[in-house]
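Peer 1: Structure supplied as run.cif; contents: mmCIF, C-alpha atoms and all ligand atoms.
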```cif
data_upload
loop_
_atom_site.label_atom_id
_atom_site.label_comp_id
_atom_site.auth_asym_id
_atom_site.auth_seq_id
_atom_site.Cartn_x
_atom_site.Cartn_y
_atom_site.Cartn_z
CA MET A 5 -11.69 -12.05 1.18
CA LEU A 6 -9.66 -10.61 4.04
CA ARG A 7 -11.69 -8.38 6.32
CA GLY A 8 -10.47 -5.35 8.23
CA SER A 9 -12.77 -3.13 10.29
CA ARG A 10 -14.09 -1.22 7.29
CA VAL A 11 -12.19 -2.55 4.27
CA GLY A 12 -11.98 -5.86 2.47
CA LEU A 13 -8.98 -7.14 0.52
CA ARG A 14 -10.05 -9.36 -2.36
CA ALA A 15 -8.68 -10.63 -5.69
CA ARG A 16 -8.32 -8.27 -8.65
CA HIS A 17 -11.40 -8.31 -10.87
CA GLU A 18 -11.26 -7.42 -14.54
CA ASP A 19 -13.63 -4.48 -14.13
CA ASP A 20 -11.39 -3.00 -11.39
CA ILE A 21 -8.67 -2.38 -13.96
CA PRO A 22 -10.07 0.60 -15.90
CA ILE A 23 -10.96 2.36 -12.63
CA LEU A 24 -7.55 1.78 -11.05
CA ARG A 25 -5.83 2.79 -14.29
CA ALA A 26 -7.81 6.02 -14.65
CA GLU A 27 -7.74 7.12 -11.02
CA LEU A 28 -4.33 5.91 -9.83
CA TYR A 29 -1.98 5.10 -12.68
CA ASP A 30 -2.94 7.82 -15.20
CA ASP A 31 -2.26 10.44 -12.51
CA VAL A 32 1.36 11.30 -13.33
CA VAL A 33 2.19 12.86 -9.97
CA ASN A 34 0.56 10.11 -7.87
CA SER A 35 2.16 7.42 -10.01
CA SER A 36 5.61 9.02 -9.90
CA ARG A 37 5.42 9.35 -6.11
CA ALA A 38 4.14 5.83 -5.48
CA GLU A 39 5.85 3.68 -8.12
CA GLY A 40 9.57 4.14 -7.60
CA GLY A 41 9.96 4.43 -11.37
CA PRO A 42 9.10 6.68 -14.28
CA TRP A 43 5.49 7.24 -15.30
CA ARG A 44 4.62 6.07 -18.78
CA PRO A 45 1.30 5.89 -20.63
CA ILE A 46 -0.34 2.49 -20.74
CA THR A 47 -2.62 1.51 -23.62
CA PRO A 48 -6.13 0.50 -22.47
CA GLY A 49 -6.52 -3.27 -22.65
CA SER A 50 -2.77 -3.94 -22.49
CA LYS A 51 -1.43 -6.26 -19.83
CA ASP A 52 0.06 -3.78 -17.39
CA PRO A 53 1.72 -6.06 -14.82
CA ARG A 54 0.93 -3.57 -12.03
CA LEU A 55 -2.79 -4.15 -12.59
CA VAL A 56 -3.42 -7.35 -14.52
CA VAL A 57 -2.96 -10.47 -12.43
CA ASP A 58 -2.28 -13.18 -14.98
CA GLU A 59 -0.22 -15.88 -13.38
CA PRO A 60 0.23 -15.65 -9.65
CA LYS A 61 3.85 -14.76 -8.81
CA GLU A 62 5.23 -16.41 -5.68
CA GLY A 63 6.77 -13.27 -4.24
CA THR A 64 3.88 -10.85 -4.81
CA VAL A 65 0.26 -10.92 -3.65
CA PRO A 66 -1.90 -8.17 -5.17
CA PHE A 67 -5.29 -7.26 -3.70
CA SER A 68 -8.05 -4.89 -4.67
CA VAL A 69 -9.39 -2.93 -1.71
CA VAL A 70 -13.15 -2.54 -1.28
CA GLU A 71 -15.43 -0.97 1.30
CA LEU A 72 -16.89 -3.77 3.40
CA ASP A 73 -20.15 -1.88 3.43
CA GLY A 74 -21.34 -2.12 -0.19
CA GLY A 75 -18.23 -3.51 -1.86
CA THR A 76 -17.17 -0.33 -3.71
CA LEU A 77 -13.64 -0.50 -5.08
CA ILE A 78 -11.38 2.00 -3.27
CA GLY A 79 -7.81 1.02 -4.15
CA THR A 80 -5.01 -1.50 -4.28
CA ALA A 81 -2.86 -3.22 -1.68
CA THR A 82 0.12 -5.50 -2.20
CA LEU A 83 2.35 -7.76 -0.18
CA TRP A 84 5.52 -7.91 -2.29
CA GLY A 85 9.11 -9.08 -2.11
CA ILE A 86 8.05 -12.06 0.00
CA ASP A 87 11.20 -13.80 1.21
CA THR A 88 10.31 -17.18 2.70
CA HIS A 89 13.83 -17.85 4.00
CA ASN A 90 14.14 -14.64 6.05
CA ARG A 91 10.35 -14.55 6.48
CA CYS A 92 9.95 -10.91 5.55
CA ALA A 93 8.06 -8.89 2.94
CA HIS A 94 7.17 -5.34 1.92
CA ILE A 95 3.73 -3.79 1.84
CA GLY A 96 2.33 -1.16 -0.50
CA LEU A 97 -1.04 0.48 -1.01
CA GLY A 98 -2.77 3.16 -3.02
CA LEU A 99 -6.29 4.48 -2.50
CA LEU A 100 -8.46 6.26 -5.05
CA PRO A 101 -8.46 10.03 -4.38
CA SER A 102 -12.06 10.03 -3.10
CA ALA A 103 -11.20 7.34 -0.51
CA ARG A 104 -8.20 9.08 1.08
CA GLY A 105 -8.17 10.70 4.50
CA LYS A 106 -11.04 8.63 5.91
CA GLY A 107 -9.08 6.08 7.92
CA TYR A 108 -9.12 3.40 5.24
CA GLY A 109 -5.34 3.44 4.75
CA THR A 110 -4.74 2.61 8.41
CA ASP A 111 -7.24 -0.25 8.14
CA VAL A 112 -5.59 -1.58 4.95
CA VAL A 113 -2.17 -1.64 6.65
CA ALA A 114 -3.73 -3.53 9.59
CA THR A 115 -5.29 -6.07 7.23
CA LEU A 116 -2.03 -6.56 5.32
CA CYS A 117 -0.26 -7.14 8.65
CA HIS A 118 -2.81 -9.84 9.48
CA TYR A 119 -2.20 -11.45 6.10
CA GLY A 120 1.60 -11.24 6.43
CA PHE A 121 1.93 -12.36 10.02
CA VAL A 122 -1.01 -14.72 10.50
CA VAL A 123 -1.73 -16.17 7.08
CA ARG A 124 1.85 -16.16 5.72
CA SER A 125 3.77 -16.68 9.00
CA LEU A 126 6.15 -13.82 8.29
CA HIS A 127 8.41 -12.36 10.96
CA ARG A 128 9.04 -8.86 9.61
CA LEU A 129 7.15 -6.40 7.41
CA GLN A 130 8.69 -3.33 5.82
CA ILE A 131 7.41 -0.15 4.18
CA GLU A 132 9.30 2.44 2.19
CA THR A 133 7.59 5.77 1.59
CA LEU A 134 8.51 9.33 0.68
CA ALA A 135 9.49 11.35 3.73
CA ASP A 136 6.73 13.90 3.04
CA ASN A 137 3.97 11.27 2.80
CA THR A 138 2.44 11.99 6.20
CA ALA A 139 -0.69 9.93 5.55
CA MET A 140 1.37 6.81 4.73
CA LEU A 141 3.77 7.35 7.64
CA ARG A 142 0.88 7.73 10.08
CA SER A 143 -1.03 4.75 8.63
CA ALA A 144 2.08 2.64 9.27
CA GLU A 145 2.88 4.08 12.71
CA ARG A 146 -0.71 3.62 13.89
CA ASN A 147 -0.14 -0.10 13.27
CA GLY A 148 3.12 -0.22 15.24
CA PHE A 149 5.67 0.29 12.45
CA VAL A 150 8.75 2.18 13.61
CA ARG A 151 11.01 4.41 11.55
CA GLU A 152 14.28 2.57 11.05
CA GLY A 153 16.08 5.01 8.82
CA VAL A 154 16.05 7.66 6.14
CA LEU A 155 17.24 6.82 2.64
CA ARG A 156 18.62 10.20 1.66
CA SER A 157 17.76 11.44 -1.85
CA SER A 158 16.82 7.92 -2.87
CA ALA A 159 13.82 8.71 -5.07
CA TRP A 160 13.75 10.78 -8.25
CA VAL A 161 10.26 12.28 -8.31
CA MET A 162 9.08 14.83 -10.85
CA GLY A 163 12.32 16.73 -11.19
CA GLU A 164 13.92 16.35 -7.77
CA PHE A 165 15.48 13.81 -5.44
CA LEU A 166 13.41 13.12 -2.33
CA ASP A 167 14.23 11.22 0.86
CA GLU A 168 12.43 7.99 1.68
CA VAL A 169 11.68 6.66 5.14
CA LEU A 170 12.07 2.97 5.87
CA LEU A 171 9.68 1.57 8.48
CA GLY A 172 9.63 -1.93 9.93
CA LEU A 173 7.38 -4.03 12.16
CA LEU A 174 8.34 -7.33 13.81
CA VAL A 175 5.67 -9.88 14.59
CA GLU A 176 6.52 -9.84 18.31
CA ASP A 177 5.84 -6.10 18.42
CA TRP A 178 2.61 -6.34 16.46
CA LYS A 179 -0.59 -5.62 18.36
CA PRO A 180 -3.52 -6.46 16.10
CA ASP A 181 -5.62 -3.68 17.63
CA ALA A 182 -2.82 -1.09 17.72
CA LYS A 183 -4.03 2.49 17.51
CA GLY A 184 -0.64 4.02 18.46
C1 LIG B 201 -1.11 6.98 1.81
C2 LIG B 201 -2.54 6.47 1.90
C3 LIG B 201 -2.60 4.99 1.58
C4 LIG B 201 -3.03 6.68 3.36
O1 LIG B 201 -4.36 6.27 3.48
P1 LIG B 201 -5.50 7.26 4.03
O2 LIG B 201 -6.76 6.49 4.09
O3 LIG B 201 -5.50 8.51 3.22
O4 LIG B 201 -4.95 7.56 5.51
P2 LIG B 201 -5.84 7.61 6.85
O5 LIG B 201 -7.12 8.33 6.57
O6 LIG B 201 -5.91 6.21 7.39
O7 LIG B 201 -4.96 8.54 7.76
C5 LIG B 201 -3.82 8.10 8.45
C6 LIG B 201 -3.24 9.26 9.23
O8 LIG B 201 -2.70 10.22 8.31
C7 LIG B 201 -3.32 11.47 8.51
N1 LIG B 201 -3.55 12.03 7.18
C8 LIG B 201 -4.39 11.58 6.24
N2 LIG B 201 -4.28 12.32 5.12
C9 LIG B 201 -3.37 13.27 5.39
C10 LIG B 201 -2.82 14.34 4.64
N3 LIG B 201 -3.22 14.59 3.39
N4 LIG B 201 -1.89 15.12 5.23
C11 LIG B 201 -1.48 14.90 6.49
N5 LIG B 201 -1.95 13.87 7.26
C12 LIG B 201 -2.89 13.08 6.70
C13 LIG B 201 -4.63 11.19 9.22
O9 LIG B 201 -5.04 12.30 9.99
C14 LIG B 201 -4.23 10.02 10.09
O10 LIG B 201 -3.47 10.50 11.19
P3 LIG B 201 -3.71 9.97 12.68
O11 LIG B 201 -3.54 8.48 12.61
O12 LIG B 201 -2.66 10.65 13.45
O13 LIG B 201 -5.11 10.36 13.02
C15 LIG B 201 -3.50 7.26 0.93
O14 LIG B 201 -3.55 8.61 1.31
C16 LIG B 201 -3.06 7.14 -0.53
O15 LIG B 201 -3.43 6.19 -1.20
N6 LIG B 201 -2.29 8.14 -1.02
C17 LIG B 201 -1.80 8.13 -2.40
C18 LIG B 201 -0.91 6.94 -2.75
C19 LIG B 201 0.25 6.76 -1.78
O16 LIG B 201 0.85 7.71 -1.31
N7 LIG B 201 0.53 5.50 -1.48
C20 LIG B 201 1.62 5.11 -0.60
C21 LIG B 201 2.88 4.94 -1.38
S1 LIG B 201 4.17 4.32 -0.33
#
```
Could you render the structure as structure tokens?
Ligand SMILES: CC(C)(COP(=O)(O)OP(=O)(O)OC[C@H]1O[C@@H](n2cnc3c(N)ncnc32)[C@H](O)[C@@H]1OP(=O)(O)O)[C@@H](O)C(=O)NCCC(=O)NCCS
Peer 2:
Amino acid sequence: MLRGSRVGLRARHEDDIPILRAELYDDVVNSSRAEGGPWRPITPGSKDPRLVVDEPKEGTVPFSVVELDGGTLIGTATLWGIDTHNRCAHIGLGLLPSARGKGYGTDVVATLCHYGFVVRSLHRLQIETLADNTAMLRSAERNGFVREGVLRSSAWVMGEFLDEVLLGLLVEDWKPDAKG
């Protein structure tokens, strides 16, 4: 397990799946904002590729996020789009509603940076998020990510086009203890 200050990033367990499905993926608004695609209902027990980790895919590393103190499941985190030639990847995360706003998101981003830069020897990490997602923007910026551009009207979300912000962090600018 990867350890942050207060969160752990571990493998997906089978009994995580119903909780993540009910609290993250069955929430139409949350799903539509976070997924970059249309929400659709998923039958319980089916092999939803967003949740069920069957065969490890080279370019994607999914984690379940737990509280270090007690091990309670609090969300998901993913390093995806891993490009070993250009040594870059994207990060994504989603916390259960009861776990938001407590500093965990910032700690998850820090732990994913450690995984990307130290464990995977990447050079650049990237995040795309909706321009109104202050909590995600701040979680990234607190870890040294800088805003590199706005993708105007790039996301169709619940009846309207929204802007996305693209943030990047290079390994040479990364300060593992950044609290920026
Ligand atoms: C986005 C998300 C991962 C952030 O994690 P979090 O644990 O809630 O964020 P933190 O508690 O670490 O807060 C980070 C910063 O955002 C601020 N913040 C937190 N929630 C906020 C809110 N609802 N509105 C405005 N600011 C907020 C905090 O004050 C903190 O700011 P600071 O660093 O200046 O003090 C989490 O809220 C979440 O899972 N949201 C739903 C799914 C989602 O949006 N995923 C990202 C898709 S790209």
Peer 1: Do you have the atom O12 of ligand LIG 201 (chain B)-CA of Val112 in chain A distance handy?
Peer 2: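 Taking atom O12 of ligand LIG 201 (chain B) as the start and CA of Val112 in chain A as the end point, the length is 15.2 Å.
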Peer 1: Can you work out which residues are within 9 Å of ligand LIG 201 (chain B), considering all atoms listed in the file, and then hand them over as JSON, numbers by chain?
Peer 2: {"A": [28, 34, 35, 37, 38, 39, 79, 80, 81, 95, 96, 97, 98, 99, 100, 101, 103, 104, 105, 106, 107, 108, 109, 110, 111, 112, 113, 131, 132, 133, 134, 136, 137, 138, 139, 140, 141, 142, 143, 144, 145, 146, 183, 184]}
Peer 1: Counting all atoms listed in the file, note down every residue that has an atom within 12 Å of the point (-4.6, -11.4, -14.9) (file coordinates), as a list in words.
Peer 2: Ala15, Arg16, His17, Glu18, Asp19, Asp20, Ile21, Gly49, Ser50, Lys51, Asp52, Pro53, Arg54, Leu55, Val56, Val57, Asp58, Glu59, Pro60, Lys61, Pro66 and Phe67 of chain A
Peer 1: Which residue out of A:Leu129, A:Leu166, A:Leu13, A:Val123 has the minimum interatomic distance to Ile86 in chain A when only C-alpha atoms are used?
Peer 2: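 Of A:Leu129, A:Leu166, A:Leu13, A:Val123, the one nearest Ile86 in chain A, counting only C-alpha atoms, is A:Leu129.
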Peer 1: Please identify all polymer residues within 6 Å of Leu171 in chain A, counting only C-alpha atoms, omitting same-chain residues fewer than 6 positions from it, and present them as a PyMOL selection string.
Peer 2: chain A and resi 130-131+149-152
Peer 1: What's the 9 Å shell around Val32 in chain A, counting all atoms listed in the file, without same-chain residues fewer than 6 positions away, as a list in words?
Peer 2: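 With the cut-off at 9 Å, the set is Trp43, Arg44 and Met162 of chain A.
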Peer 1: So what do you get for CA of Arg128 in chain A versus CA of Ala93 in chain A, distance-wise?
Peer 2: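 These two atoms are separated by 6.7 Å.
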Peer 1: Measuring between all atoms listed in the file, which one of A:Ser68, A:Leu173, A:Cys92, A:Arg156 shows the shortest distance to Ser125 in chain A?
Peer 2: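 Going through A:Ser68, A:Leu173, A:Cys92, A:Arg156 one by one, the smallest distance to Ser125 in chain A is for A:Cys92.
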Peer 1: Work out how far apart CA of Arg124 in chain A and CA of Thr76 in chain A are and give it in Å to one decimal.
Peer 2: 26.5 Å
Peer 1: I need the residue nearest Glu27 in chain A from this list: A:Val161, A:Leu170, A:Ile78, A:Val122. Use only C-alpha atoms for the distance.
Peer 2: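 Answer, going by the shortest atom-to-atom distance: A:Ile78.
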Peer 1: Might you pull out every residue within 12 Å of Thr47 in chain A, with all atoms listed in the file counted and same-chain residues fewer than 4 positions away left off, and present them as number ranges by chain?
Peer 2: A: 22, 25-26, 29-30, 51-52
Peer 1: Write a file of the selected residues as a PDB file, keeping the file's coordinate frame, keeping C-alpha atoms.
Peer 2:
```
ATOM      1  CA  PRO A  22     -10.070   0.600 -15.900  1.00  0.00           C
ATOM      2  CA  ARG A  25      -5.830   2.790 -14.290  1.00  0.00           C
ATOM      3  CA  ALA A  26      -7.810   6.020 -14.650  1.00  0.00           C
ATOM      4  CA  TYR A  29      -1.980   5.100 -12.680  1.00  0.00           C
ATOM      5  CA  ASP A  30      -2.940   7.820 -15.200  1.00  0.00           C
ATOM      6  CA  LYS A  51      -1.430  -6.260 -19.830  1.00  0.00           C
ATOM      7  CA  ASP A  52       0.060  -3.780 -17.390  1.00  0.00           C
TER       8      ASP A  52
END
```
Peer 1: Using only C-alpha atoms, which of the listed residues (A:Pro180, A:Gly40, A:Arg7, A:Pro48) sits closest to Asp167 in chain A?
Peer 2: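 For Asp167 in chain A, the nearest of the given residues is A:Gly40.
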Peer 1: Have a look at A:Val169, A:Leu6, A:Leu174, A:Ala135 and name the one nearest to Gly148 in chain A; count all atoms listed in the file.
Peer 2: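 With all atoms listed in the file as the atom set, the closest residue is A:Leu174.
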